[in-house]
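Here's the structure we're looking at; comments come further down.
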Amino acid sequence: MRIDAHCHFWDPSRGDYGWLDAGPPTLDPLRRVFTPDDLAALNQSRRVIAVQAADSVAETRYLLDLAARHPLIAGVVGWVDLTHIETVETLADLARNPRLKGIRPMLQDLAEDDWITTRPDATVLRTVQNLGLRFDALVFARHLTHLARFAAAWPDLPMVIDHCAKPRMAPLDPAWREGMAAMAAFPQVHCKLSGLLTELAEPLRTPDSALAVLRPVVDEVLRLFGPNRLLWGSDWPVLTLAGSHDLWEHLTDRLLEGLTPEERQAILGGNAVKFYELEEDTP
């Protein structure tokens with residue numbers, strides 16, 4: 001069983017993907033529709049978690065609608081405005097759909113690195129927690145100190161760090177190591193093994209060179225979080241800027257080859273089932 005704990009689907013004509021509209025020409029390959037059927041052709045129709053890519057409730061509803069029509073979408077991580085008390089009602093409405101599994105503010109794109117500790121409304125966060133939703137953290141290493149304060153303040157809110165916090169690699173950033181160690185000390189915090197290939201400089205994206213640079217990162221998060229708090233994700237279609245879906249699966253298998261079958265199974269699917277509380281028998 002493999003479950004992709006982090007992928008995206010979008011239709012740019014919907015008009016709320018600001019990062020895509022305003023981004024550089026290197027994002028041109030992403031400026032088209034990406035559908036569940038497109039990914040199913042690459043991953044043998046495995047189950048996935050569809051993660052928001054626009055800071056709008058409308059996109060969250062779009063993803064939930066896709067999930068209703070595509071059984072491979074086992075869950076959705078959406079977006080809501082955490083700063084306004086009115087969001088409590090929005091969350092209650094969205095959470096009527098059992099496919100909603102989590103919320104993700106786009107922290108990496110916000111002007112204030114400490115936004116997560118200063119701006120969200122506590123009642124809204126408490127509602128996220130009380131509804132049994134998870135918190136996906138899209139951050140860089142510079143956010144980890146603030147994220148640790150947030151984790152300390154909300155010990156009952158399950159949290160996952162997307163893309164291993166996008167570390168600077170070759171050599172590995174000492175500040176990232178320190179920040180991730182602080183986060184791993186919180187038992188409610190998990191980490192996604194995703195999005196790393198696109199963080200590499202283009203010459204490093206061949207299989208052998210990528211392995212050499214990625215292995216210290218993967219070894220470190222394995223040491224800090226252990227195999228029971230890591231979730232594998234493709235970050236497709238952003239992944240396609242750096243390599244194919246097959247390449248990332250191949251690299252993953254190489255990076256995890258020293259683990260037991262049970263440990264690999266946990267990272268590649270079992271942990272996603274537990275973290276996002278997926279039904280074991282969902283098609």
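Labels used: A, B, ... for chains in the order of the structure tokens, numbers from 1 for residues in each chain, and numbers from 1 for ligands as shown.
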
- Message: Taking 4 positions as the minimum chain separation for residues in the same chain, which residues sit within 6 Å of stretch 156-164 of chain A when counting only C-alpha atoms? Answer as a list in words.
- Response: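 In the requested format, the answer is Gln129, Arg134, Phe135, Asp136, Ala137, Leu138, Gln188, Val189, His190, Cys191, Lys192, Leu193, Ser194 and Gly195 of chain A.
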
Name the residues of stretch 54-145 of chain A that fall into strand (DSSP E or B) according to DSSP on the backbone, using the chain letters and numbers of this document, as a compact mmCIF listing (two decimals) with C-alpha atoms, in the first residue's frame.
```txt
# COMPACT_ATOMS: atom_id res chain seq x y z
CA ILE A 73 -8.57 11.51 -3.34
CA ALA A 74 -8.75 10.10 0.17
CA GLY A 75 -8.49 13.49 1.81
CA VAL A 76 -8.15 17.22 1.26
CA VAL A 77 -5.97 19.72 3.09
CA GLY A 78 -7.65 23.07 2.48
CA LEU A 100 -11.63 17.47 4.65
CA LYS A 101 -8.65 16.31 6.70
CA GLY A 102 -6.57 19.40 7.38
CA ILE A 103 -5.88 23.11 6.98
CA ARG A 134 -4.66 18.45 10.97
CA PHE A 135 -2.33 21.38 10.46
CA ASP A 136 0.05 21.35 7.48
CA ALA A 137 2.99 23.75 7.86
```

- Message: I need the residues of stretch 65-237 of chain A that end up classed as helix (DSSP H, G or I) by DSSP on the backbone, written out as a ChimeraX atom specification.
- Response: /A:65-69,87-94,107-109,115-118,122-130,141-153,162-165,174-184,197-199,202-204,207-225

- So how many Å separate atom CA of A:Arg69 and atom CA of A:Ala41, to one decimal?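 These atoms are spaced 16.3 Å apart.
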
- Hey, what's within 7 Å of stretch 232-249 of chain A if we count only C-alpha atoms and toss same-chain stuff fewer than 5 positions away? As a PyMOL selection string, please? chain A and resi 4-8+42+192-195+197-198+205+267-268

Give me the residues within 12 Å of A:Glu280 as a PDB file with N, CA and C atoms, in the first residue's frame, counting only C-alpha atoms and dropping any in the same chain fewer than 2 places off.
```pdb
ATOM      1  N   MET A   1       0.840  -1.193   0.000  1.00  0.00           N
ATOM      2  CA  MET A   1       0.000   0.000   0.000  1.00  0.00           C
ATOM      3  C   MET A   1       0.872   1.239   0.000  1.00  0.00           C
ATOM      4  N   ARG A   2       0.688   2.083  -0.989  1.00  0.00           N
ATOM      5  CA  ARG A   2       1.334   3.390  -1.002  1.00  0.00           C
ATOM      6  C   ARG A   2       0.262   4.469  -1.071  1.00  0.00           C
ATOM      7  N   ILE A   3       0.471   5.518  -0.324  1.00  0.00           N
ATOM      8  CA  ILE A   3      -0.435   6.666  -0.339  1.00  0.00           C
ATOM      9  C   ILE A   3       0.425   7.911  -0.516  1.00  0.00           C
ATOM     10  N   ARG A  47      -4.189   6.017  -3.676  1.00  0.00           N
ATOM     11  CA  ARG A  47      -4.858   7.084  -2.952  1.00  0.00           C
ATOM     12  C   ARG A  47      -3.899   8.244  -2.686  1.00  0.00           C
ATOM     13  N   ALA A  74      -8.303  10.590  -1.134  1.00  0.00           N
ATOM     14  CA  ALA A  74      -8.745  10.098   0.169  1.00  0.00           C
ATOM     15  C   ALA A  74      -8.963  11.224   1.158  1.00  0.00           C
ATOM     16  N   GLY A 269       2.884   4.829   3.301  1.00  0.00           N
ATOM     17  CA  GLY A 269       1.424   4.787   3.308  1.00  0.00           C
ATOM     18  C   GLY A 269       0.788   4.700   4.675  1.00  0.00           C
ATOM     19  N   GLY A 270       1.327   3.842   5.523  1.00  0.00           N
ATOM     20  CA  GLY A 270       0.695   3.605   6.814  1.00  0.00           C
ATOM     21  C   GLY A 270       0.593   4.835   7.686  1.00  0.00           C
ATOM     22  N   ASN A 271       1.626   5.658   7.678  1.00  0.00           N
ATOM     23  CA  ASN A 271       1.597   6.867   8.516  1.00  0.00           C
ATOM     24  C   ASN A 271       0.575   7.875   8.014  1.00  0.00           C
ATOM     25  N   ALA A 272       0.360   7.938   6.710  1.00  0.00           N
ATOM     26  CA  ALA A 272      -0.664   8.837   6.167  1.00  0.00           C
ATOM     27  C   ALA A 272      -2.052   8.406   6.624  1.00  0.00           C
ATOM     28  N   VAL A 273      -2.294   7.095   6.652  1.00  0.00           N
ATOM     29  CA  VAL A 273      -3.582   6.589   7.115  1.00  0.00           C
ATOM     30  C   VAL A 273      -3.820   7.013   8.558  1.00  0.00           C
ATOM     31  N   LYS A 274      -2.803   6.878   9.404  1.00  0.00           N
ATOM     32  CA  LYS A 274      -2.954   7.222  10.818  1.00  0.00           C
ATOM     33  C   LYS A 274      -3.046   8.719  11.035  1.00  0.00           C
ATOM     34  N   TYR A 276      -3.819  11.283   8.956  1.00  0.00           N
ATOM     35  CA  TYR A 276      -5.009  11.930   8.412  1.00  0.00           C
ATOM     36  C   TYR A 276      -6.296  11.160   8.714  1.00  0.00           C
ATOM     37  N   GLU A 277      -6.170  10.086   9.479  1.00  0.00           N
ATOM     38  CA  GLU A 277      -7.323   9.275   9.874  1.00  0.00           C
ATOM     39  C   GLU A 277      -8.140   8.853   8.656  1.00  0.00           C
ATOM     40  N   LEU A 278      -7.456   8.210   7.702  1.00  0.00           N
ATOM     41  CA  LEU A 278      -8.102   7.708   6.509  1.00  0.00           C
ATOM     42  C   LEU A 278      -8.726   6.348   6.794  1.00  0.00           C
ATOM     43  N   THR A 282     -10.699   2.563   1.907  1.00  0.00           N
ATOM     44  CA  THR A 282     -11.101   3.508   0.874  1.00  0.00           C
ATOM     45  C   THR A 282     -10.485   3.106  -0.456  1.00  0.00           C
ATOM     46  N   PRO A 283     -11.252   3.048  -1.528  1.00  0.00           N
ATOM     47  CA  PRO A 283     -10.691   2.624  -2.829  1.00  0.00           C
ATOM     48  C   PRO A 283      -9.527   3.496  -3.262  1.00  0.00           C
TER      49      PRO A 283
END
```

- May I have the residues within 8 Å of A:His146 as an MDAnalysis selection string, using only C-alpha atoms and disregarding those fewer than 3 positions away in the same chain? chainID A and resid 113:114 116:117 143 149:150

- Task: Quick one: pull the distance between atom CA of A:Glu199 and atom CA of A:Leu144, Å, one decimal.
- Result: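 Atom CA of A:Leu144 lies at a distance of 17.6 Å from atom CA of A:Glu199.
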
- So which residues touch A:Ala266 within 9 Å, counting only C-alpha atoms, skipping near sequence neighbours fewer than 6 positions away, as a PyMOL selection string? chain A and resi 227-231+272

- Write out as a PyMOL selection string the residues lying within 7 Å of A:Pro12, counting only C-alpha atoms and excluding same-chain residues fewer than 6 positions away. chain A and resi 31-33

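Separating atom CA of A:Asp219 from atom CA of A:Phe275 is a distance of 21.3 Å.
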
- Item | Counting only C-alpha atoms, the residue of A:Arg215, A:Arg99, A:Lys166, A:His84 that sits nearest A:Glu279 |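 Once distances to A:Glu279 are computed over only C-alpha atoms, the minimum belongs to A:Arg99.
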